[in-house]
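**Q** Sharing run.txt, compact mmCIF, C-alpha atoms:
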```
# COMPACT_ATOMS: atom_id res chain seq x y z
CA MET A 1 11.15 191.65 101.62
CA THR A 2 14.33 189.67 102.19
CA VAL A 3 14.94 187.69 105.36
CA THR A 4 17.79 185.51 106.51
CA VAL A 5 17.20 181.76 106.35
CA LYS A 6 19.08 179.53 108.78
CA THR A 7 18.87 175.74 108.48
CA PHE A 8 20.09 173.39 111.22
CA ASP A 9 20.65 169.63 111.28
CA ARG A 10 19.66 169.39 114.95
CA LEU A 11 16.43 170.61 116.42
CA THR A 12 18.11 171.84 119.58
CA ASP A 13 20.41 174.08 117.51
CA ALA A 14 17.39 175.45 115.67
CA ALA A 15 15.72 176.10 119.02
CA ALA A 16 18.79 177.97 120.25
CA ALA A 17 18.84 180.12 117.13
CA LEU A 18 15.13 180.80 117.55
CA SER A 19 15.53 182.03 121.09
CA ALA A 20 18.62 184.10 120.28
CA GLU A 21 16.90 186.55 117.97
CA ARG A 22 13.70 188.47 118.54
CA GLY A 23 12.75 188.49 114.86
CA ALA A 24 13.38 184.78 114.28
CA ARG A 25 10.44 182.58 113.35
CA PHE A 26 10.49 178.81 112.91
CA LEU A 27 9.47 177.58 109.46
CA ALA A 28 8.01 174.08 109.15
CA GLY A 29 5.33 173.53 106.50
CA GLY A 30 5.11 177.20 105.61
CA THR A 31 1.33 177.53 105.43
CA LEU A 32 1.33 180.19 108.15
CA VAL A 33 4.83 181.64 108.12
CA MET A 34 5.35 181.92 104.36
CA ARG A 35 2.03 183.70 104.17
CA ALA A 36 3.36 186.23 106.67
CA ILE A 37 6.59 186.56 104.68
CA ASN A 38 4.61 187.15 101.49
CA GLU A 39 2.71 189.89 103.32
CA ALA A 40 6.07 191.46 104.32
CA ASP A 41 5.49 191.00 108.04
CA PRO A 42 8.08 193.39 109.46
CA THR A 43 8.43 191.43 112.70
CA ILE A 44 10.12 188.51 110.91
CA THR A 45 13.77 189.02 110.11
CA THR A 46 15.01 185.42 110.18
CA LEU A 47 13.52 182.07 109.25
CA VAL A 48 14.84 179.11 111.21
CA ARG A 49 14.49 175.60 109.78
CA SER A 50 15.61 172.13 110.83
CA THR A 51 16.23 168.96 108.87
CA ASP A 52 16.33 166.84 112.05
CA PRO A 53 14.66 163.48 111.17
CA SER A 54 13.11 163.29 114.65
CA PHE A 55 11.02 166.32 113.78
CA LEU A 56 9.12 164.27 111.17
CA ARG A 57 8.84 161.01 113.11
CA VAL A 58 5.51 159.30 113.71
CA ALA A 59 5.82 156.63 116.40
CA VAL A 60 2.81 154.48 117.17
CA SER A 61 2.80 151.80 119.84
CA ALA A 62 -0.05 149.97 121.50
CA GLY A 63 -0.63 152.52 124.19
CA ARG A 64 1.13 155.71 123.13
CA ILE A 65 1.40 157.84 120.03
CA GLU A 66 4.12 160.39 119.41
CA LEU A 67 4.01 162.76 116.48
CA GLY A 68 7.03 164.84 115.54
CA ALA A 69 5.90 168.43 115.29
CA GLY A 70 7.00 168.48 111.65
CA ALA A 71 4.80 165.51 110.73
CA THR A 72 2.34 166.63 108.09
CA MET A 73 -1.37 166.01 107.83
CA ALA A 74 -0.55 163.85 104.80
CA ALA A 75 1.76 161.75 107.00
CA VAL A 76 -1.03 161.30 109.54
CA LEU A 77 -3.38 160.25 106.74
CA ALA A 78 -0.82 157.77 105.41
CA ASP A 79 -0.64 155.91 108.73
CA ARG A 80 -3.38 153.32 109.22
CA GLU A 81 -2.63 153.17 112.94
CA LEU A 82 -3.83 156.75 113.16
CA ALA A 83 -7.17 156.06 111.47
CA PHE A 84 -9.08 157.68 114.33
CA LEU A 85 -7.31 160.96 113.47
CA HIS A 86 -7.92 160.76 109.73
CA PRO A 87 -11.20 162.72 109.82
CA VAL A 88 -9.32 165.49 111.61
CA ALA A 89 -6.33 165.56 109.24
CA ARG A 90 -8.66 165.40 106.25
CA ALA A 91 -10.44 168.49 107.54
CA ILE A 92 -7.25 170.57 107.25
CA GLY A 93 -7.29 172.24 103.82
CA GLY A 94 -7.05 170.50 100.48
CA PRO A 95 -4.42 167.92 99.48
CA ALA A 96 -1.73 170.53 98.77
CA VAL A 97 -2.16 172.10 102.19
CA ARG A 98 -2.17 168.70 103.86
CA GLU A 99 1.19 167.88 102.26
CA ALA A 100 2.69 170.93 103.97
CA ALA A 101 0.66 171.67 107.10
CA THR A 102 2.27 170.23 110.20
CA VAL A 103 1.06 169.00 113.57
CA GLY A 104 3.22 171.59 115.33
CA GLY A 105 2.11 174.43 113.10
CA ASN A 106 -1.52 173.68 113.83
CA LEU A 107 -0.89 174.34 117.53
CA PHE A 108 -0.11 177.94 116.62
CA ALA A 109 -2.76 178.48 113.96
CA PRO A 110 -4.92 181.47 114.87
CA SER A 111 -8.65 180.92 115.35
CA PRO A 112 -10.75 179.90 113.43
CA TYR A 113 -7.95 177.57 112.26
CA GLY A 114 -6.44 174.91 114.51
CA ASP A 115 -8.86 172.00 114.26
CA PHE A 116 -6.07 169.45 114.75
CA ALA A 117 -4.98 171.23 117.92
CA ALA A 118 -8.53 170.91 119.26
CA ALA A 119 -8.38 167.18 118.62
CA LEU A 120 -5.05 166.91 120.43
CA LEU A 121 -6.50 168.85 123.35
CA ALA A 122 -9.35 166.37 123.62
CA LEU A 123 -6.78 163.58 123.55
CA ASP A 124 -5.02 165.14 126.56
CA ALA A 125 -1.80 165.53 124.59
CA SER A 126 1.46 166.77 125.99
CA VAL A 127 4.08 168.65 124.01
CA THR A 128 7.84 168.36 124.17
CA LEU A 129 9.55 171.71 123.88
CA ALA A 130 13.11 172.10 122.68
CA ASP A 131 15.38 174.93 123.66
CA GLY A 132 19.10 175.47 123.51
CA TYR A 133 19.59 173.40 126.66
CA GLY A 134 17.51 170.32 125.89
CA GLN A 135 13.90 169.25 125.94
CA ARG A 136 11.04 169.40 128.45
CA GLU A 137 7.42 168.33 128.44
CA LEU A 138 4.26 170.19 129.35
CA PRO A 139 0.52 169.73 128.82
CA LEU A 140 -0.83 171.03 125.52
CA GLU A 141 -3.48 172.93 127.43
CA GLU A 142 -0.75 174.93 129.17
CA LEU A 143 1.04 175.63 125.91
CA LEU A 144 -2.15 176.90 124.29
CA GLY A 145 -2.75 179.16 127.25
CA ARG A 146 0.53 180.97 126.77
CA ARG A 147 1.34 180.51 123.10
CA GLU A 148 0.77 184.17 122.28
CA ARG A 149 3.42 185.20 124.78
CA GLY A 150 6.01 183.14 122.94
CA VAL A 151 7.21 179.64 123.75
CA SER A 152 10.14 177.44 122.85
CA LEU A 153 10.14 175.31 119.75
CA VAL A 154 7.69 172.41 119.87
CA ALA A 155 9.57 169.22 119.02
CA SER A 156 6.78 166.66 119.31
CA VAL A 157 3.31 165.89 120.61
CA ALA A 158 2.37 162.73 122.50
CA PHE A 159 -0.84 161.20 123.82
CA ARG A 160 -2.34 157.89 124.82
CA ARG A 161 -4.25 156.02 122.14
CA PRO A 162 -7.97 156.46 122.83
CA ALA A 163 -10.17 153.43 123.35
CA THR A 164 -11.84 152.15 120.21
CA GLU A 165 -14.80 154.35 119.26
CA ALA A 166 -14.06 156.70 122.16
CA PHE A 167 -12.81 159.53 119.96
CA ARG A 168 -15.17 161.67 117.89
CA PHE A 169 -14.62 164.75 115.76
CA ALA A 170 -16.91 167.12 113.91
CA LYS A 171 -16.10 170.20 111.88
CA VAL A 172 -18.79 172.67 110.91
CA SER A 173 -18.10 174.89 107.92
CA ARG A 174 -20.18 176.81 105.41
CA VAL A 175 -18.26 175.64 102.35
CA HIS A 176 -18.22 171.95 101.48
CA PRO A 177 -16.33 169.72 101.26
CA LYS A 178 -13.68 172.10 102.65
CA GLY A 179 -14.06 175.35 104.42
CA VAL A 180 -12.77 177.26 107.38
CA SER A 181 -14.36 176.24 110.65
CA VAL A 182 -17.45 177.87 111.99
CA LEU A 183 -16.48 175.62 114.84
CA SER A 184 -15.04 172.18 115.44
CA ILE A 185 -15.61 169.74 118.27
CA ALA A 186 -13.34 166.92 119.35
CA ALA A 187 -14.32 164.57 122.14
CA GLN A 188 -12.82 161.62 123.91
CA LEU A 189 -15.67 159.77 125.59
CA PRO A 190 -14.56 156.63 127.38
CA ILE A 191 -17.51 154.48 128.39
CA ALA A 192 -17.47 152.27 131.48
CA SER A 193 -20.54 150.16 132.27
CA GLY A 194 -22.57 152.18 129.82
CA ARG A 195 -21.67 155.53 131.37
CA VAL A 196 -19.18 158.26 130.51
CA SER A 197 -16.05 158.15 132.58
CA GLY A 198 -13.36 160.78 132.10
CA ALA A 199 -14.77 162.75 129.17
CA ARG A 200 -12.59 165.36 127.46
CA ILE A 201 -14.22 167.72 125.01
CA ALA A 202 -12.43 170.48 123.12
CA TYR A 203 -13.65 173.16 120.73
CA GLY A 204 -11.92 174.84 117.83
CA ALA A 205 -12.92 178.37 116.77
CA MET A 206 -14.83 178.97 120.01
CA SER A 207 -12.07 181.03 121.64
CA ARG A 208 -8.72 182.60 120.78
CA THR A 209 -7.20 179.13 121.06
CA PRO A 210 -8.73 175.65 121.15
CA VAL A 211 -10.46 175.36 124.51
CA ARG A 212 -11.81 172.62 126.78
CA ALA A 213 -15.54 172.35 127.45
CA LYS A 214 -15.05 171.67 131.12
CA ALA A 215 -18.61 172.38 132.22
CA ALA A 216 -19.99 170.00 129.61
CA GLU A 217 -17.41 167.37 130.58
CA ARG A 218 -18.51 167.57 134.24
CA ALA A 219 -22.17 167.38 133.26
CA LEU A 220 -21.58 164.20 131.26
CA GLU A 221 -19.62 162.40 133.94
CA GLY A 222 -21.36 159.24 135.08
CA HIS A 223 -24.21 159.58 132.60
CA ALA A 224 -25.19 157.53 129.60
CA LEU A 225 -24.96 159.12 126.17
CA ASP A 226 -28.68 159.28 125.49
CA THR A 227 -30.97 162.15 124.65
CA ALA A 228 -32.22 162.73 128.18
CA ALA A 229 -28.91 162.36 129.97
CA ILE A 230 -26.93 164.75 127.76
CA GLY A 231 -29.39 167.63 128.27
CA PRO A 232 -27.46 169.24 131.17
CA ALA A 233 -24.21 169.08 129.17
CA LEU A 234 -25.84 170.78 126.21
CA ALA A 235 -27.18 173.51 128.48
CA VAL A 236 -23.65 174.44 129.53
CA ALA A 237 -21.99 173.67 126.20
CA ALA A 238 -20.89 177.25 125.59
CA ASP A 239 -19.66 177.95 129.13
CA GLY A 240 -16.10 179.20 129.11
CA THR A 241 -16.05 180.01 125.41
CA SER A 242 -15.44 183.41 123.86
CA PRO A 243 -15.90 183.03 120.11
CA ALA A 244 -15.08 185.82 117.70
CA ASP A 245 -17.09 187.67 115.11
CA ASP A 246 -15.30 187.06 111.83
CA ALA A 247 -15.95 186.60 108.14
CA ILE A 248 -16.99 182.99 108.71
CA ALA A 249 -19.60 183.47 111.44
CA SER A 250 -20.66 185.76 114.25
CA ALA A 251 -19.93 184.90 117.85
CA TRP A 252 -23.69 184.73 118.46
CA TRP A 253 -24.14 182.19 115.68
CA ARG A 254 -21.28 180.06 116.93
CA ARG A 255 -22.82 179.94 120.42
CA GLU A 256 -26.27 179.16 118.98
CA ILE A 257 -25.21 176.19 116.90
CA LEU A 258 -22.66 174.74 119.31
CA PRO A 259 -25.17 172.70 121.36
CA VAL A 260 -26.80 171.41 118.18
CA HIS A 261 -23.55 169.97 116.89
CA LEU A 262 -22.40 168.80 120.30
CA ARG A 263 -25.69 166.92 120.64
CA ARG A 264 -25.16 165.18 117.30
CA LEU A 265 -21.60 164.30 118.22
CA LEU A 266 -22.54 162.91 121.62
CA LEU A 267 -25.42 160.84 120.34
CA GLY A 268 -23.26 159.54 117.52
CA ALA A 269 -20.67 158.52 120.08
CA GLY A 270 -23.34 156.76 122.06
CA GLN A 271 -24.27 154.71 119.05
CA GLY A 272 -20.65 153.83 118.34
CA MET B 1 21.23 187.48 100.63
CA LYS B 2 20.70 185.22 97.65
CA THR B 3 20.97 181.45 97.85
CA PRO B 4 21.65 179.19 94.86
CA VAL B 5 18.89 176.64 94.29
CA GLN B 6 19.06 173.76 91.84
CA PHE B 7 16.26 171.34 91.05
CA GLN B 8 14.59 169.45 88.25
CA LEU B 9 11.81 171.36 86.55
CA ASN B 10 9.66 169.20 84.30
CA GLY B 11 12.55 166.79 83.91
CA GLU B 12 15.28 169.34 83.20
CA GLU B 13 17.92 170.62 85.59
CA VAL B 14 17.51 174.30 86.38
CA ALA B 15 19.31 176.63 88.77
CA ALA B 16 18.59 180.08 90.06
CA PHE B 17 19.40 182.42 92.93
CA ALA B 18 16.63 182.82 95.48
CA ASP B 19 16.25 185.86 97.71
CA GLY B 20 16.07 185.05 101.42
CA GLY B 21 12.49 184.03 102.16
CA ALA B 22 11.49 183.91 98.48
CA ASN B 23 8.64 181.57 97.65
CA LEU B 24 8.77 178.96 94.90
CA LEU B 25 6.06 180.67 92.86
CA ASP B 26 8.07 183.88 92.48
CA LEU B 27 11.25 181.92 91.78
CA LEU B 28 9.58 179.90 89.02
CA ARG B 29 7.98 182.90 87.36
CA GLU B 30 10.55 185.64 87.85
CA ALA B 31 13.92 183.90 88.02
CA ILE B 32 13.30 180.82 85.85
CA GLY B 33 10.61 182.17 83.55
CA ASP B 34 8.02 179.42 83.88
CA LEU B 35 4.92 181.55 83.51
CA SER B 36 2.59 178.55 83.38
CA VAL B 37 2.32 178.73 87.16
CA LYS B 38 -0.20 181.36 88.24
CA GLY B 39 -0.29 183.36 91.43
CA GLY B 40 -3.67 184.19 92.93
CA CYS B 41 -3.61 184.91 96.63
CA TRP B 42 -0.04 184.36 97.88
CA GLN B 43 -1.74 183.12 101.05
CA GLY B 44 -2.04 179.40 100.33
CA THR B 45 -5.77 179.75 99.89
CA CYS B 46 -6.76 179.67 96.21
CA GLY B 47 -4.73 176.75 94.86
CA THR B 48 -3.95 178.26 91.47
CA CYS B 49 -0.19 177.97 92.12
CA THR B 50 -0.39 174.20 92.73
CA VAL B 51 2.68 172.36 91.46
CA LEU B 52 3.96 168.87 92.13
CA ILE B 53 7.07 168.50 94.28
CA ASP B 54 8.41 164.96 94.19
CA GLY B 55 4.97 163.91 92.99
CA ALA B 56 2.97 165.55 95.78
CA PRO B 57 0.75 168.59 95.27
CA ARG B 58 2.13 171.71 96.93
CA LEU B 59 1.25 175.36 96.94
CA ALA B 60 4.18 177.18 95.37
CA CYS B 61 3.26 180.49 96.97
CA VAL B 62 3.82 179.21 100.51
CA THR B 63 6.78 176.96 99.72
CA LEU B 64 10.20 178.35 100.58
CA ALA B 65 12.14 178.35 97.31
CA GLU B 66 15.42 177.26 98.84
CA SER B 67 13.78 174.24 100.44
CA CYS B 68 13.29 172.84 96.94
CA GLY B 69 16.95 172.12 96.25
CA GLY B 70 17.41 168.65 94.74
CA LYS B 71 13.67 168.11 94.29
CA SER B 72 11.69 167.27 91.18
CA ILE B 73 9.11 169.92 90.36
CA GLU B 74 6.34 169.61 87.80
CA THR B 75 4.29 172.49 86.45
CA VAL B 76 1.58 172.62 83.84
CA ALA B 77 4.23 173.63 81.26
CA GLY B 78 5.55 170.07 81.46
CA LEU B 79 2.26 168.30 80.87
CA ARG B 80 2.20 168.11 77.08
CA ARG B 81 4.56 165.86 75.19
CA GLY B 82 5.51 167.68 71.97
CA ALA B 83 2.32 168.24 70.06
CA ASP B 84 0.35 165.82 72.24
CA LEU B 85 -1.68 167.30 75.03
CA HIS B 86 -1.95 165.46 78.31
CA PRO B 87 -5.28 163.57 78.60
CA LEU B 88 -6.27 165.99 81.35
CA GLN B 89 -5.71 168.97 79.05
CA THR B 90 -7.74 167.32 76.29
CA ALA B 91 -10.53 166.49 78.70
CA PHE B 92 -10.59 170.04 80.07
CA MET B 93 -11.00 171.38 76.52
CA GLU B 94 -13.68 168.89 75.57
CA ARG B 95 -15.66 169.44 78.76
CA PHE B 96 -15.29 173.26 78.64
CA ALA B 97 -13.70 173.01 82.07
CA ALA B 98 -11.91 176.33 81.70
CA GLN B 99 -13.68 179.64 81.38
CA CYS B 100 -11.46 182.52 82.48
CA GLY B 101 -8.71 179.90 82.81
CA TYR B 102 -6.97 181.40 85.80
CA CYS B 103 -7.49 178.41 88.08
CA THR B 104 -6.74 175.91 85.30
CA PRO B 105 -2.99 175.38 85.86
CA GLY B 106 -3.60 174.61 89.52
CA MET B 107 -6.62 172.45 88.76
CA LEU B 108 -4.66 170.43 86.20
CA MET B 109 -1.78 169.82 88.59
CA ALA B 110 -4.09 168.91 91.47
CA ALA B 111 -5.83 166.49 89.11
CA LYS B 112 -2.54 165.05 87.89
CA ALA B 113 -1.48 164.43 91.49
CA LEU B 114 -4.69 162.49 92.00
CA LEU B 115 -4.49 160.41 88.82
CA ASP B 116 -0.80 159.63 89.31
CA ARG B 117 -1.66 158.06 92.67
CA ASN B 118 -5.15 156.80 91.91
CA PRO B 119 -5.90 156.10 88.23
CA ASN B 120 -9.44 154.98 89.05
CA PRO B 121 -10.85 157.77 91.22
CA THR B 122 -14.41 158.05 92.32
CA ARG B 123 -16.26 161.31 92.00
CA GLU B 124 -15.71 161.79 95.74
CA ASN B 125 -11.95 161.33 95.25
CA VAL B 126 -11.98 163.98 92.51
CA VAL B 127 -13.95 166.44 94.63
CA ASP B 128 -11.47 165.98 97.46
CA ALA B 129 -8.48 166.34 95.13
CA ILE B 130 -9.58 169.78 93.91
CA CYS B 131 -11.19 171.00 97.13
CA GLY B 132 -8.26 173.32 97.77
CA ASN B 133 -8.53 174.92 94.33
CA ILE B 134 -10.98 177.76 93.88
CA CYS B 135 -12.84 178.32 90.59
CA ARG B 136 -15.27 181.23 90.38
CA CYS B 137 -16.47 180.51 86.82
CA THR B 138 -17.46 176.94 86.17
CA GLY B 139 -19.27 175.78 89.27
CA TYR B 140 -16.75 172.91 89.32
CA GLU B 141 -18.98 170.35 87.59
CA PRO B 142 -17.23 170.54 84.18
CA ILE B 143 -13.88 170.22 85.95
CA ILE B 144 -14.99 167.15 87.86
CA ALA B 145 -16.38 165.62 84.67
CA ALA B 146 -13.14 166.35 82.80
CA ILE B 147 -10.99 164.70 85.43
CA LEU B 148 -13.22 161.63 85.45
CA ASP B 149 -13.05 161.57 81.62
CA ALA B 150 -9.25 161.76 81.73
CA ALA B 151 -9.18 158.88 84.19
CA GLY B 152 -11.38 156.91 81.83
CA ALA B 153 -9.10 157.73 78.90
CA GLY B 154 -6.16 156.49 80.93
CA ARG B 155 -7.97 153.21 81.61
CA ARG B 156 -8.74 152.77 77.90
CA ARG B 157 -5.07 153.31 77.02
CA ALA B 158 -3.91 150.79 79.63
```
Represent the structure of the file as structure tokens.
**A**
Amino acid sequence: MTVTVKTFDRLTDAAAALSAERGARFLAGGTLVMRAINEADPTITTLVRSTDPSFLRVAVSAGRIELGAGATMAAVLADRELAFLHPVARAIGGPAVREAATVGGNLFAPSPYGDFAAALLALDASVTLADGYGQRELPLEELLGRRERGVSLVASVAFRRPATEAFRFAKVSRVHPKGVSVLSIAAQLPIASGRVSGARIAYGAMSRTPVRAKAAERALEGHALDTAAIGPALAVAADGTSPADDAIASAWWRREILPVHLRRLLLGAGQG
Amino acid sequence: MKTPVQFQLNGEEVAAFADGGANLLDLLREAIGDLSVKGGCWQGTCGTCTVLIDGAPRLACVTLAESCGGKSIETVAGLRRGADLHPLQTAFMERFAAQCGYCTPGMLMAAKALLDRNPNPTRENVVDAICGNICRCTGYEPIIAAILDAAGAGRRRA
């Protein structure tokens, strides 16, 4: 199958081209889109690319981190300032995938993929969208909620740096050291006076998109991270999830093991 | 529409016309004739098409061919120097690290990417380096041993 490839110096021009044609798809790292091209996906008629340097930029300051949507998992791993995200980036495929897979692409990876997006959701990230008229920002959670209806081009992702030891990530897979997620859990657990204050927990592979564990977050609020206090959060761990039956695991199995792994993550965070 | 693409392949300038949306794997095999690169899944899953692009491991099957213009690409065909096999190739033979051999080109390039960056890898480093490459014959242990042997050979030469 032959498609048209259009390459633009500026991201906004690429965004305009993307919105001008129904069959246009943005190509970044290629791990999702080239696969579709190889499978002769008839809905793709044009590939849109951009060589805009801002698309690859990783900007780290004391309080805020901004990742260009074209930044790769390898770029995340190469940045010592992003050490708290290294376990997440390392969980995305093998080295060859990590050299190509991008932050922005992960936001659109179908479940059970998208572990990095789950981490960004726990970090309360916002995304900057580009279209032919400029750029605008919206919460990642909102983008995930409507990504299947089509959105503008994601230019970058930004979030506040989590407090030391406040961020935790776990990926559960059947194949080691690398496998597709049975599920993944990312949590930001700020501790004030020994108690959780403002927890954000997100799951990968527990719904069509990465999803917040809002009931568990509420149950943790104001409690210490010890075995007794996390019980109510574990009891509602699967609330709001709708996992799929797929080749990796059944929905039933995902729901069964979720509290087990959330428990381990929370107690690990408490020790940190 | 075809697009001209020019890059270095194993140190030599090559040029070809790529169909719109063509992947690097098909370009290398069908337009340039480098059959050392194998295609397994065309989904970016099996790793057998691993090549090095500017020194980094990449999956040729999910790499847009025309994005490779001006790059330096290495395939397993460029590993040996004349009659001399690369230490990785020697170690793979001595450790019986290839059975059906289909994953071997990708394994060798994934291993080369590791050793080029880290000449003294741990076993854990080696396992991570080849974790995106599937082998259904060996159980991986001979491959891991071969890569560690090749690293050791490199240290002895240094």
**Q** For Ser193 (chain A), which of A:Arg263, A:Arg64, A:Arg212, A:His223 is the closest residue, counting all atoms listed in the file?
**A** A:His223
**Q** Find the residue from A:Leu123, A:Leu11, A:Leu129, A:Val58 that sits nearest to Gln188 (chain A); use only C-alpha atoms when measuring.
**A**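 Under the stated criterion, the closest residue is A:Leu123.
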**Q** Can you pull out every residue within 8 Å of Leu27 (chain B), counting only C-alpha atoms, but drop anything in the same chain fewer than 3 positions away, and send it as a VMD selection string?
**A** chain B and resid 16 18 22 to 24 30 to 32 65
**Q** Find the nearest atom pair between each residue of chain A and chain B for residues within 10 Å, count all atoms listed in the file, give distances in Å to one decimal, sort rows by chain and ascending number, and present the table as JSON lines.
**A**
```
{"residue": "A:Met1", "atom": "CA", "partner": "B:Gly21", "partner_atom": "CA", "distance": 7.8}
{"residue": "A:Thr2", "atom": "CA", "partner": "B:Gly20", "partner_atom": "CA", "distance": 5.0}
{"residue": "A:Val3", "atom": "CA", "partner": "B:Gly20", "partner_atom": "CA", "distance": 4.9}
{"residue": "A:Thr4", "atom": "CA", "partner": "B:Gly20", "partner_atom": "CA", "distance": 5.4}
{"residue": "A:Val5", "atom": "CA", "partner": "B:Gly20", "partner_atom": "CA", "distance": 6.0}
{"residue": "A:Lys6", "atom": "CA", "partner": "B:Gly20", "partner_atom": "CA", "distance": 9.7}
{"residue": "A:Thr7", "atom": "CA", "partner": "B:Ser67", "partner_atom": "CA", "distance": 9.6}
{"residue": "A:Leu27", "atom": "CA", "partner": "B:Leu64", "partner_atom": "CA", "distance": 8.9}
{"residue": "A:Ala28", "atom": "CA", "partner": "B:Leu64", "partner_atom": "CA", "distance": 9.8}
{"residue": "A:Gly29", "atom": "CA", "partner": "B:Thr63", "partner_atom": "CA", "distance": 7.7}
{"residue": "A:Gly30", "atom": "CA", "partner": "B:Val62", "partner_atom": "CA", "distance": 5.6}
{"residue": "A:Thr31", "atom": "CA", "partner": "B:Val62", "partner_atom": "CA", "distance": 5.8}
{"residue": "A:Leu32", "atom": "CA", "partner": "B:Val62", "partner_atom": "CA", "distance": 8.1}
{"residue": "A:Val33", "atom": "CA", "partner": "B:Val62", "partner_atom": "CA", "distance": 8.1}
{"residue": "A:Met34", "atom": "CA", "partner": "B:Val62", "partner_atom": "CA", "distance": 5.0}
{"residue": "A:Arg35", "atom": "CA", "partner": "B:Gln43", "partner_atom": "CA", "distance": 4.9}
{"residue": "A:Ala36", "atom": "CA", "partner": "B:Gln43", "partner_atom": "CA", "distance": 8.2}
{"residue": "A:Ile37", "atom": "CA", "partner": "B:Gly21", "partner_atom": "CA", "distance": 6.9}
{"residue": "A:Asn38", "atom": "CA", "partner": "B:Trp42", "partner_atom": "CA", "distance": 6.5}
{"residue": "A:Glu39", "atom": "CA", "partner": "B:Trp42", "partner_atom": "CA", "distance": 8.2}
{"residue": "A:Thr45", "atom": "CA", "partner": "B:Gly21", "partner_atom": "CA", "distance": 9.5}
{"residue": "A:Thr46", "atom": "CA", "partner": "B:Gly21", "partner_atom": "CA", "distance": 8.5}
{"residue": "A:Leu47", "atom": "CA", "partner": "B:Gly21", "partner_atom": "CA", "distance": 7.4}
{"residue": "A:Arg49", "atom": "CA", "partner": "B:Ser67", "partner_atom": "CA", "distance": 9.5}
{"residue": "A:Ala74", "atom": "CA", "partner": "B:Ala56", "partner_atom": "CA", "distance": 9.8}
{"residue": "A:Arg90", "atom": "CA", "partner": "B:Asp128", "partner_atom": "CA", "distance": 9.2}
{"residue": "A:Ile92", "atom": "CA", "partner": "B:Gly132", "partner_atom": "CA", "distance": 9.9}
{"residue": "A:Gly93", "atom": "CA", "partner": "B:Gly132", "partner_atom": "CA", "distance": 6.2}
{"residue": "A:Gly94", "atom": "CA", "partner": "B:Gly132", "partner_atom": "CA", "distance": 4.1}
{"residue": "A:Pro95", "atom": "CA", "partner": "B:Ala129", "partner_atom": "CA", "distance": 6.2}
{"residue": "A:Ala96", "atom": "CA", "partner": "B:Arg58", "partner_atom": "CA", "distance": 4.4}
{"residue": "A:Val97", "atom": "CA", "partner": "B:Arg58", "partner_atom": "CA", "distance": 6.8}
{"residue": "A:Arg98", "atom": "CA", "partner": "B:Arg58", "partner_atom": "CA", "distance": 8.7}
{"residue": "A:Glu99", "atom": "CA", "partner": "B:Arg58", "partner_atom": "CA", "distance": 6.6}
{"residue": "A:Ala100", "atom": "CA", "partner": "B:Arg58", "partner_atom": "CA", "distance": 7.1}
{"residue": "A:Val175", "atom": "CA", "partner": "B:Cys131", "partner_atom": "CA", "distance": 9.9}
{"residue": "A:His176", "atom": "CA", "partner": "B:Cys131", "partner_atom": "CA", "distance": 8.3}
{"residue": "A:Pro177", "atom": "CA", "partner": "B:Cys131", "partner_atom": "CA", "distance": 6.7}
{"residue": "A:Lys178", "atom": "CA", "partner": "B:Cys131", "partner_atom": "CA", "distance": 6.2}
{"residue": "A:Gly179", "atom": "CA", "partner": "B:Cys131", "partner_atom": "CA", "distance": 9.0}
```
**Q** Can you pull out the residues contacting Ser61 (chain A)? Cut-off 9 Å, using all atoms listed in the file, and skip same-chain residues under 5 positions away; I want them as a PyMOL selection string.
**A** chain A and resi 66+81+161
**Q** What does the structure give for the distance between CA of Ala15 (chain A) and CA of Leu107 (chain A), in Å to one decimal?
**A**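 Computed distance, CA of Ala15 (chain A) to CA of Leu107 (chain A), equals 16.8 Å.
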**Q** For region 164-173 of chain A, work out the shell of residues within 9 Å, counting all atoms listed in the file and skipping chain neighbours fewer than 5 positions away, then give it as a compact mmCIF listing (two decimals) with C-alpha atoms, in the frame of the given file.
**A**
```
# COMPACT_ATOMS: atom_id res chain seq x y z
CA PHE A 84 -9.08 157.68 114.33
CA LEU A 85 -7.31 160.96 113.47
CA PRO A 87 -11.20 162.72 109.82
CA VAL A 88 -9.32 165.49 111.61
CA ALA A 91 -10.44 168.49 107.54
CA ASP A 115 -8.86 172.00 114.26
CA ALA A 119 -8.38 167.18 118.62
CA ALA A 122 -9.35 166.37 123.62
CA LEU A 123 -6.78 163.58 123.55
CA LYS A 178 -13.68 172.10 102.65
CA GLY A 179 -14.06 175.35 104.42
CA VAL A 180 -12.77 177.26 107.38
CA SER A 181 -14.36 176.24 110.65
CA VAL A 182 -17.45 177.87 111.99
CA LEU A 183 -16.48 175.62 114.84
CA SER A 184 -15.04 172.18 115.44
CA ILE A 185 -15.61 169.74 118.27
CA ALA A 186 -13.34 166.92 119.35
CA ALA A 187 -14.32 164.57 122.14
CA GLN A 188 -12.82 161.62 123.91
CA LEU A 189 -15.67 159.77 125.59
CA PRO A 190 -14.56 156.63 127.38
CA ILE A 191 -17.51 154.48 128.39
CA GLY A 204 -11.92 174.84 117.83
CA ILE A 248 -16.99 182.99 108.71
CA HIS A 261 -23.55 169.97 116.89
CA LEU A 262 -22.40 168.80 120.30
CA LEU A 265 -21.60 164.30 118.22
CA LEU A 266 -22.54 162.91 121.62
CA GLY A 268 -23.26 159.54 117.52
CA ALA A 269 -20.67 158.52 120.08
CA GLY A 272 -20.65 153.83 118.34
```
**Q** For the atom pair CA of Gly23 (chain A) and CA of Gly105 (chain A), what is the interatomic distance in Å to one decimal place?
**A**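 Rounded to one decimal, the two atoms are 17.7 Å apart.
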